[in-house]
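structure_19.pdb (PDB, C-alpha atoms, pLDDT in the B column) appears below.
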```pdb
ATOM      1  CA  MET U   1      34.967  40.284  30.213  1.00 37.00           C
ATOM      2  CA  GLY U   2      32.455  39.708  27.455  1.00 43.00           C
ATOM      3  CA  LYS U   3      34.755  37.450  25.447  1.00 44.00           C
ATOM      4  CA  TYR U   4      35.660  35.426  28.542  1.00 38.00           C
ATOM      5  CA  VAL U   5      32.037  34.993  29.559  1.00 43.00           C
ATOM      6  CA  TYR U   6      31.046  34.103  26.015  1.00 43.00           C
ATOM      7  CA  LYS U   7      33.522  31.225  25.879  1.00 48.00           C
ATOM      8  CA  GLU U   8      33.211  29.951  29.438  1.00 51.00           C
ATOM      9  CA  CYS U   9      29.568  30.525  30.333  1.00 61.00           C
ATOM     10  CA  ASN U  10      27.757  30.288  27.041  1.00 86.00           C
ATOM     11  CA  PRO U  11      24.533  28.234  26.918  1.00 91.00           C
ATOM     12  CA  THR U  12      24.252  29.057  23.210  1.00 91.00           C
ATOM     13  CA  LYS U  13      27.531  27.269  22.554  1.00 93.00           C
ATOM     14  CA  PHE U  14      26.436  24.233  24.544  1.00 95.00           C
ATOM     15  CA  SER U  15      23.081  24.182  22.756  1.00 96.00           C
ATOM     16  CA  THR U  16      24.801  24.379  19.380  1.00 96.00           C
ATOM     17  CA  VAL U  17      27.033  21.433  20.227  1.00 96.00           C
ATOM     18  CA  VAL U  18      24.042  19.370  21.355  1.00 97.00           C
ATOM     19  CA  LEU U  19      21.843  20.281  18.378  1.00 97.00           C
ATOM     20  CA  MET U  20      24.591  19.681  15.811  1.00 97.00           C
ATOM     21  CA  THR U  21      25.549  16.344  17.401  1.00 97.00           C
ATOM     22  CA  TYR U  22      21.883  15.378  17.602  1.00 97.00           C
ATOM     23  CA  SER U  23      21.450  16.185  13.901  1.00 97.00           C
ATOM     24  CA  ALA U  24      24.595  14.297  12.962  1.00 97.00           C
ATOM     25  CA  ILE U  25      23.402  11.185  14.802  1.00 97.00           C
ATOM     26  CA  ILE U  26      20.112  11.217  12.893  1.00 97.00           C
ATOM     27  CA  GLY U  27      22.040  11.780   9.664  1.00 97.00           C
ATOM     28  CA  PHE U  28      24.309   8.862  10.589  1.00 98.00           C
ATOM     29  CA  ILE U  29      21.230   6.653  11.031  1.00 97.00           C
ATOM     30  CA  HIS U  30      20.087   7.671   7.552  1.00 98.00           C
ATOM     31  CA  GLY U  31      23.478   6.749   6.156  1.00 97.00           C
ATOM     32  CA  ILE U  32      23.564   3.321   7.793  1.00 97.00           C
ATOM     33  CA  GLY U  33      20.055   2.590   6.516  1.00 97.00           C
ATOM     34  CA  GLU U  34      21.117   3.496   2.988  1.00 97.00           C
ATOM     35  CA  ILE U  35      24.244   1.347   3.183  1.00 97.00           C
ATOM     36  CA  LEU U  36      22.108  -1.614   4.224  1.00 96.00           C
ATOM     37  CA  GLN U  37      20.193  -1.182   0.957  1.00 95.00           C
ATOM     38  CA  ALA U  38      23.379  -1.392  -1.102  1.00 93.00           C
ATOM     39  CA  ARG U  39      22.076  -4.266  -3.229  1.00 90.00           C
ATOM     40  CA  SER U  40      19.386  -2.060  -4.750  1.00 90.00           C
ATOM     41  CA  ASN U  41      19.287   1.423  -6.249  1.00 90.00           C
ATOM     42  CA  PRO U  42      16.552   4.059  -5.893  1.00 92.00           C
ATOM     43  CA  ASN U  43      14.420   5.011  -8.876  1.00 90.00           C
ATOM     44  CA  SER U  44      14.692   8.742  -8.208  1.00 93.00           C
ATOM     45  CA  ASN U  45      16.561  11.314  -6.156  1.00 96.00           C
ATOM     46  CA  PHE U  46      13.869  11.100  -3.483  1.00 96.00           C
ATOM     47  CA  ILE U  47      14.813   8.085  -1.384  1.00 96.00           C
ATOM     48  CA  TYR U  48      13.921   6.258   1.809  1.00 96.00           C
ATOM     49  CA  ALA U  49      16.837   5.516   4.111  1.00 96.00           C
ATOM     50  CA  LEU U  50      15.017   2.548   5.613  1.00 96.00           C
ATOM     51  CA  ASP U  51      13.670  -0.238   3.439  1.00 93.00           C
ATOM     52  CA  VAL U  52       9.956  -0.474   4.278  1.00 91.00           C
ATOM     53  CA  ALA U  53       7.083  -1.796   2.194  1.00 88.00           C
ATOM     54  CA  ASP U  54       4.738   1.137   2.790  1.00 93.00           C
ATOM     55  CA  PRO U  55       6.305   4.292   4.302  1.00 92.00           C
ATOM     56  CA  ASP U  56       2.884   5.876   4.848  1.00 92.00           C
ATOM     57  CA  LYS U  57       2.014   3.158   7.355  1.00 92.00           C
ATOM     58  CA  ILE U  58       5.201   3.495   9.417  1.00 94.00           C
ATOM     59  CA  TRP U  59       5.669   6.278  11.966  1.00 94.00           C
ATOM     60  CA  HIS U  60       9.158   7.167  10.720  1.00 95.00           C
ATOM     61  CA  ALA U  61       7.954   7.032   7.089  1.00 95.00           C
ATOM     62  CA  GLY U  62      11.082   5.123   6.103  1.00 95.00           C
ATOM     63  CA  LEU U  63      13.234   8.174   6.887  1.00 96.00           C
ATOM     64  CA  PRO U  64      12.682  10.082   3.630  1.00 96.00           C
ATOM     65  CA  ALA U  65      15.635  11.914   2.146  1.00 97.00           C
ATOM     66  CA  PHE U  66      17.015  13.481  -1.001  1.00 97.00           C
ATOM     67  CA  SER U  67      20.234  12.464  -2.728  1.00 97.00           C
ATOM     68  CA  VAL U  68      21.903  13.778  -5.844  1.00 97.00           C
ATOM     69  CA  ILE U  69      23.391  10.296  -6.273  1.00 95.00           C
ATOM     70  CA  THR U  70      20.904   7.540  -7.092  1.00 93.00           C
ATOM     71  CA  ASN U  71      23.011   4.889  -5.432  1.00 95.00           C
ATOM     72  CA  PHE U  72      22.274   3.744  -1.897  1.00 96.00           C
ATOM     73  CA  LEU U  73      25.792   2.561  -1.095  1.00 96.00           C
ATOM     74  CA  ILE U  74      27.574   5.725  -2.219  1.00 97.00           C
ATOM     75  CA  SER U  75      24.939   8.005  -0.672  1.00 97.00           C
ATOM     76  CA  GLY U  76      25.102   6.087   2.596  1.00 97.00           C
ATOM     77  CA  ILE U  77      28.888   6.171   2.841  1.00 97.00           C
ATOM     78  CA  ILE U  78      29.038   9.897   2.084  1.00 98.00           C
ATOM     79  CA  THR U  79      26.257  10.602   4.582  1.00 98.00           C
ATOM     80  CA  VAL U  80      28.051   8.662   7.320  1.00 98.00           C
ATOM     81  CA  LEU U  81      31.331  10.480   6.625  1.00 98.00           C
ATOM     82  CA  ILE U  82      29.665  13.912   6.627  1.00 98.00           C
ATOM     83  CA  SER U  83      27.897  13.080   9.888  1.00 98.00           C
ATOM     84  CA  ILE U  84      31.224  12.185  11.507  1.00 97.00           C
ATOM     85  CA  VAL U  85      32.812  15.415  10.261  1.00 97.00           C
ATOM     86  CA  ILE U  86      29.879  17.380  11.715  1.00 97.00           C
ATOM     87  CA  ILE U  87      30.388  15.764  15.122  1.00 97.00           C
ATOM     88  CA  VAL U  88      34.071  16.732  14.996  1.00 95.00           C
ATOM     89  CA  PHE U  89      33.196  20.315  14.032  1.00 93.00           C
ATOM     90  CA  ALA U  90      30.596  20.599  16.780  1.00 95.00           C
ATOM     91  CA  ASN U  91      32.701  19.171  19.593  1.00 94.00           C
ATOM     92  CA  LEU U  92      36.273  20.103  18.676  1.00 94.00           C
ATOM     93  CA  LEU U  93      36.229  23.016  16.250  1.00 93.00           C
ATOM     94  CA  ILE U  94      33.352  25.167  17.446  1.00 92.00           C
ATOM     95  CA  GLU U  95      35.731  27.935  18.580  1.00 90.00           C
ATOM     96  CA  SER U  96      37.937  27.720  15.501  1.00 91.00           C
ATOM     97  CA  ARG U  97      37.791  30.026  12.494  1.00 90.00           C
ATOM     98  CA  TYR U  98      36.698  27.056  10.372  1.00 92.00           C
ATOM     99  CA  PHE U  99      33.413  26.681  12.219  1.00 93.00           C
ATOM    100  CA  LYS U 100      31.804  29.311   9.985  1.00 92.00           C
ATOM    101  CA  PHE U 101      31.773  26.667   7.247  1.00 93.00           C
ATOM    102  CA  SER U 102      29.715  24.218   9.328  1.00 94.00           C
ATOM    103  CA  PRO U 103      26.354  25.234   7.771  1.00 95.00           C
ATOM    104  CA  LEU U 104      27.772  24.065   4.431  1.00 96.00           C
ATOM    105  CA  LEU U 105      28.248  20.592   5.925  1.00 97.00           C
ATOM    106  CA  PHE U 106      24.528  20.364   6.577  1.00 97.00           C
ATOM    107  CA  ILE U 107      23.778  21.422   3.029  1.00 97.00           C
ATOM    108  CA  LEU U 108      25.997  18.545   1.885  1.00 98.00           C
ATOM    109  CA  LEU U 109      24.236  16.266   4.356  1.00 97.00           C
ATOM    110  CA  PHE U 110      20.942  17.163   2.716  1.00 98.00           C
ATOM    111  CA  LEU U 111      22.283  16.672  -0.819  1.00 97.00           C
ATOM    112  CA  PHE U 112      23.686  13.205  -0.148  1.00 97.00           C
ATOM    113  CA  GLY U 113      20.885  11.495   1.746  1.00 96.00           C
ATOM    114  CA  GLY U 114      21.006  12.823   5.298  1.00 96.00           C
ATOM    115  CA  GLY U 115      17.296  13.506   5.422  1.00 96.00           C
ATOM    116  CA  PHE U 116      15.384  16.730   5.904  1.00 97.00           C
ATOM    117  CA  VAL U 117      15.222  17.238   9.666  1.00 96.00           C
ATOM    118  CA  PRO U 118      18.981  16.970  10.423  1.00 97.00           C
ATOM    119  CA  PRO U 119      19.965  19.673   7.881  1.00 97.00           C
ATOM    120  CA  PHE U 120      17.200  21.959   9.152  1.00 97.00           C
ATOM    121  CA  ILE U 121      18.245  21.695  12.795  1.00 97.00           C
ATOM    122  CA  GLY U 122      21.924  21.810  11.931  1.00 97.00           C
ATOM    123  CA  ILE U 123      21.733  24.862   9.701  1.00 97.00           C
ATOM    124  CA  ILE U 124      19.701  26.995  12.124  1.00 96.00           C
ATOM    125  CA  SER U 125      21.848  26.064  15.141  1.00 96.00           C
ATOM    126  CA  SER U 126      25.260  26.449  13.494  1.00 95.00           C
ATOM    127  CA  THR U 127      24.305  29.634  11.643  1.00 95.00           C
ATOM    128  CA  TYR U 128      22.828  31.114  14.812  1.00 94.00           C
ATOM    129  CA  TYR U 129      26.029  30.462  16.736  1.00 94.00           C
ATOM    130  CA  VAL U 130      28.229  31.908  13.998  1.00 91.00           C
ATOM    131  CA  ILE U 131      26.139  35.096  14.071  1.00 90.00           C
ATOM    132  CA  LYS U 132      25.995  35.317  17.879  1.00 86.00           C
ATOM    133  CA  ARG U 133      29.729  34.747  18.243  1.00 81.00           C
ATOM    134  CA  LYS U 134      30.406  37.820  16.113  1.00 77.00           C
ATOM    135  CA  SER U 135      27.847  39.980  17.902  1.00 71.00           C
ATOM    136  CA  ASN U 136      28.340  41.947  21.078  1.00 55.00           C
ATOM    137  CA  THR U 137      27.437  40.504  24.459  1.00 54.00           C
ATOM    138  CA  ASN U 138      23.907  41.044  25.687  1.00 53.00           C
ATOM    139  CA  ASN U 139      23.630  43.301  28.728  1.00 51.00           C
ATOM    140  CA  GLU U 140      20.107  44.597  28.232  1.00 55.00           C
ATOM    141  CA  GLN U 141      17.580  44.564  31.063  1.00 58.00           C
ATOM    142  CA  THR U 142      16.247  41.077  31.714  1.00 65.00           C
ATOM    143  CA  SER U 143      12.468  40.799  31.998  1.00 75.00           C
ATOM    144  CA  LEU U 144      10.557  38.270  34.065  1.00 82.00           C
ATOM    145  CA  LEU U 145       9.450  36.446  30.909  1.00 84.00           C
ATOM    146  CA  ARG U 146      13.059  36.153  29.717  1.00 85.00           C
ATOM    147  CA  LYS U 147      14.064  34.727  33.096  1.00 87.00           C
ATOM    148  CA  LEU U 148      11.274  32.161  32.991  1.00 90.00           C
ATOM    149  CA  ILE U 149      12.192  31.047  29.462  1.00 90.00           C
ATOM    150  CA  ALA U 150      15.871  30.946  30.418  1.00 91.00           C
ATOM    151  CA  LYS U 151      15.091  28.584  33.302  1.00 92.00           C
ATOM    152  CA  LEU U 152      13.491  26.172  30.831  1.00 94.00           C
ATOM    153  CA  TRP U 153      16.684  25.926  28.768  1.00 94.00           C
ATOM    154  CA  ILE U 154      18.304  22.924  30.442  1.00 94.00           C
ATOM    155  CA  TYR U 155      14.966  21.077  30.558  1.00 96.00           C
ATOM    156  CA  LEU U 156      14.415  21.640  26.842  1.00 97.00           C
ATOM    157  CA  ILE U 157      17.892  20.257  26.152  1.00 96.00           C
ATOM    158  CA  THR U 158      17.100  17.214  28.281  1.00 96.00           C
ATOM    159  CA  VAL U 159      13.837  16.588  26.438  1.00 97.00           C
ATOM    160  CA  LEU U 160      15.640  16.743  23.092  1.00 96.00           C
ATOM    161  CA  ILE U 161      18.315  14.269  24.183  1.00 95.00           C
ATOM    162  CA  LEU U 162      15.776  11.824  25.617  1.00 96.00           C
ATOM    163  CA  TRP U 163      13.401  12.135  22.669  1.00 96.00           C
ATOM    164  CA  LEU U 164      15.633  10.444  20.093  1.00 93.00           C
ATOM    165  CA  PRO U 165      15.845   7.009  21.796  1.00 96.00           C
ATOM    166  CA  SER U 166      12.393   7.191  23.370  1.00 96.00           C
ATOM    167  CA  SER U 167      10.701   7.963  20.038  1.00 95.00           C
ATOM    168  CA  TRP U 168      12.069   4.725  18.582  1.00 96.00           C
ATOM    169  CA  ILE U 169      11.186   2.746  21.690  1.00 97.00           C
ATOM    170  CA  ILE U 170       7.615   4.068  21.649  1.00 96.00           C
ATOM    171  CA  GLY U 171       7.411   3.384  17.918  1.00 96.00           C
ATOM    172  CA  TRP U 172       8.561  -0.190  18.460  1.00 96.00           C
ATOM    173  CA  ILE U 173       6.167  -0.902  21.353  1.00 96.00           C
ATOM    174  CA  PHE U 174       3.186   1.157  20.169  1.00 96.00           C
ATOM    175  CA  PRO U 175       3.588   1.511  16.375  1.00 95.00           C
ATOM    176  CA  VAL U 176      -0.026   2.465  15.666  1.00 95.00           C
ATOM    177  CA  PHE U 177      -0.115   5.129  18.371  1.00 96.00           C
ATOM    178  CA  ARG U 178       3.269   6.477  17.283  1.00 96.00           C
ATOM    179  CA  LEU U 179       1.985   6.768  13.720  1.00 96.00           C
ATOM    180  CA  GLN U 180      -1.119   8.617  14.871  1.00 96.00           C
ATOM    181  CA  ILE U 181       0.883  11.281  16.683  1.00 96.00           C
ATOM    182  CA  SER U 182       3.734  11.467  14.155  1.00 95.00           C
ATOM    183  CA  SER U 183       2.596  14.798  12.665  1.00 95.00           C
ATOM    184  CA  VAL U 184       2.303  16.417  16.092  1.00 96.00           C
ATOM    185  CA  THR U 185       5.655  15.099  17.298  1.00 96.00           C
ATOM    186  CA  PHE U 186       7.319  16.225  14.074  1.00 95.00           C
ATOM    187  CA  ILE U 187       6.176  19.808  14.605  1.00 96.00           C
ATOM    188  CA  MET U 188       6.871  19.803  18.334  1.00 96.00           C
ATOM    189  CA  PHE U 189      10.215  18.010  18.514  1.00 96.00           C
ATOM    190  CA  ASP U 190      11.773  18.600  15.097  1.00 96.00           C
ATOM    191  CA  ILE U 191      10.812  22.226  14.546  1.00 96.00           C
ATOM    192  CA  ILE U 192       9.572  24.013  17.670  1.00 97.00           C
ATOM    193  CA  LEU U 193      11.874  22.367  20.226  1.00 97.00           C
ATOM    194  CA  PRO U 194      15.223  23.147  18.505  1.00 96.00           C
ATOM    195  CA  ILE U 195      14.198  26.767  17.927  1.00 96.00           C
ATOM    196  CA  SER U 196      12.972  27.050  21.522  1.00 96.00           C
ATOM    197  CA  ILE U 197      16.297  25.720  22.796  1.00 96.00           C
ATOM    198  CA  LEU U 198      18.230  28.417  20.938  1.00 95.00           C
ATOM    199  CA  ILE U 199      15.889  31.163  22.159  1.00 94.00           C
ATOM    200  CA  ALA U 200      16.077  29.954  25.772  1.00 94.00           C
ATOM    201  CA  ALA U 201      19.862  29.610  25.511  1.00 93.00           C
ATOM    202  CA  ASN U 202      20.159  33.173  24.257  1.00 89.00           C
ATOM    203  CA  PHE U 203      18.094  34.453  27.189  1.00 89.00           C
ATOM    204  CA  LYS U 204      20.127  32.313  29.582  1.00 88.00           C
ATOM    205  CA  PHE U 205      23.366  33.709  28.230  1.00 80.00           C
ATOM    206  CA  GLY U 206      22.013  37.234  28.523  1.00 71.00           C
ATOM    207  CA  ILE U 207      21.295  36.675  32.201  1.00 67.00           C
ATOM    208  CA  VAL U 208      24.716  35.128  32.876  1.00 56.00           C
ATOM    209  CA  ASP U 209      26.497  37.868  30.956  1.00 50.00           C
ATOM    210  CA  ARG U 210      24.592  40.618  32.744  1.00 48.00           C
ATOM    211  CA  TYR U 211      25.355  39.037  36.117  1.00 44.00           C
ATOM    212  CA  GLU U 212      29.082  38.911  35.314  1.00 45.00           C
ATOM    213  CA  TYR U 213      28.953  42.485  34.017  1.00 37.00           C
ATOM    214  CA  GLU U 214      27.286  43.836  37.155  1.00 41.00           C
ATOM    215  CA  ARG U 215      29.629  41.888  39.419  1.00 44.00           C
ATOM    216  CA  LEU U 216      32.708  43.643  37.995  1.00 35.00           C
TER     217      LEU U 216
END
```
Could you quickly redo this structure as structure tokens?
Amino acid sequence: MGKYVYKECNPTKFSTVVLMTYSAIIGFIHGIGEILQARSNPNSNFIYALDVADPDKIWHAGLPAFSVITNFLISGIITVLISIVIIVFANLLIESRYFKFSPLLFILLFLFGGGFVPPFIGIISSTYYVIKRKSNTNNEQTSLLRKLIAKLWIYLITVLILWLPSSWIIGWIFPVFRLQISSVTFIMFDIILPISILIAANFKFGIVDRYEYERL
């Protein structure tokens, strides 16, 4: 029962797919930005994926990143390829035995110019799923607080999906305002939100699993 429920009714799995794909898309954007700067080379391993005059005055800060290769074209191509591989892993290989290597892909994404946020989100989500998949199902008593957090799960996922395009739209229409709130949005949407999604998904799965367990 537990194995069946884990594969068929697992919010943690769905959340992992969304978070990894979300991270890969942002990494892909980094890679494209670096490829577009192919005619120039960075002066150090700390690079900006987008070519802007003053990163401190732009809400996205030029998409800062780190790359072991001080060549925009090579870094960009590798970043794009890694991002595509991550999407394949997240959507097609999440139940395979090879998925346990997915956190390493995000380390490579970081090393070759994929930014800082995508590796962070990708590593915590993929590692969390690898650990949860090996653990036993959760049939412990569900508290009211757990139920309330679990109900927020799908809404948190929706906010994450909508945030990526809307953040750029807001930044394009209201650049000054977007810059002013950039620190707050970074903490809320790039750190707290992904972690909250995984926590809510775990509670949601616990409720589903317990329901299936009690029904048998």
Task: From U:Asn43, U:Ser75, U:Asn10, U:Ser83, residue lying nearest U:Ser23 [all atoms listed in the file] - done: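 Ranking U:Asn43, U:Ser75, U:Asn10, U:Ser83 by distance to U:Ser23, first place goes to U:Ser83.
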Excluding U:Leu145 and its own-chain neighbours fewer than 6 positions away, which residues fall within 12 Å of it when counting only C-alpha atoms? Please give them as a PDB file with C-alpha atoms, in the coordinates of the input.
```pdb
ATOM      1  CA  LYS U 151      15.091  28.584  33.302  1.00 92.00           C
ATOM      2  CA  LEU U 152      13.491  26.172  30.831  1.00 94.00           C
ATOM      3  CA  ALA U 200      16.077  29.954  25.772  1.00 94.00           C
ATOM      4  CA  PHE U 203      18.094  34.453  27.189  1.00 89.00           C
ATOM      5  CA  LYS U 204      20.127  32.313  29.582  1.00 88.00           C
ATOM      6  CA  ILE U 207      21.295  36.675  32.201  1.00 67.00           C
TER       7      ILE U 207
END
```
Using all atoms listed in the file, what does the table of stretch 131-174 of chain U residues within 12 Å of stretch 44-60 of chain U look like, with each row giving the shortest atom pair and its distance in Å to one decimal, sorted by chain and ascending number, as a tab-separated table?
```
residue	atom	partner	partner_atom	distance
U:Leu164	CA	U:His60	CA	11.9
U:Ser167	CA	U:His60	CA	9.5
U:Trp168	CA	U:His60	CA	8.7
U:Ile169	CA	U:Trp59	CA	11.7
U:Ile170	CA	U:Trp59	CA	10.1
U:Gly171	CA	U:Trp59	CA	6.8
U:Trp172	CA	U:Trp59	CA	9.6
U:Ile173	CA	U:Trp59	CA	11.8
U:Phe174	CA	U:Trp59	CA	10.0
```
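Straight-line separation from atom CA of U:Gly113 to atom CA of U:Gly27: 8.0 Å.
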Open item on the list: Please determine, counting all atoms listed in the file, which residue among U:Leu36, U:Val130, U:Ala150, U:Leu105 has the shortest atom-to-atom distance to U:Ile87.
Closed with: U:Leu105
Task: Residue IDs satisfying the PyMOL selection byres ((chain U and resi 18) around 12), as a count of residues only - done: 36
Please, what is the axis-aligned box for every listed atom of stretch 181-189 of chain U with 4 Å on each side, as centre and edge lengths in Å to one decimal, as JSON?
```
{"center_x": 5.5, "center_y": 15.5, "center_z": 15.6, "size_x": 17.3, "size_y": 16.5, "size_z": 13.8}
```
Open item on the list: As an exercise, work out the distance from atom CA of U:Gly115 to atom CA of U:Pro42 in Å and give it to one decimal place.
Closed with: 14.8 Å
Task: Proximity to U:Asn71 - best of U:Val117, U:Ile35, U:Ile107, U:Leu92, all atoms listed in the file - done: U:Ile35
Where does the PyMOL selection byres ((chain U and resi 111) around 7) land in this file, that is, which residues does it pick, as a compact mmCIF listing (two decimals) with C-alpha atoms, in the coordinates of the input?
```txt
# COMPACT_ATOMS: atom_id res chain seq x y z
CA PHE U 66 17.02 13.48 -1.00
CA SER U 67 20.23 12.46 -2.73
CA VAL U 68 21.90 13.78 -5.84
CA ILE U 107 23.78 21.42 3.03
CA LEU U 108 26.00 18.55 1.88
CA LEU U 109 24.24 16.27 4.36
CA PHE U 110 20.94 17.16 2.72
CA PHE U 112 23.69 13.20 -0.15
CA GLY U 113 20.88 11.50 1.75
```
- [ ] Quick one: pull the distance between atom CA of U:Thr185 and atom CA of U:Gly33, Å, one decimal.
- [x]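 Rounded to one decimal, the two atoms are 21.9 Å apart.
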- [ ] Have a look at U:Leu63, U:Leu193, U:Ile187, U:Val85 and name the one nearest to U:Tyr155; count only C-alpha atoms.
- [x] U:Leu193
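Distance check against U:Pro118 using all atoms listed in the file: of U:Gln37, U:Thr70, U:Thr79, U:Ser166, the minimum falls on U:Thr79.
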Open item on the list: Taking all atoms listed in the file into account, name the residue in U:Ile199, U:Tyr98, U:Leu73, U:Ala61 that is nearest to U:Leu179.
Closed with: U:Ala61
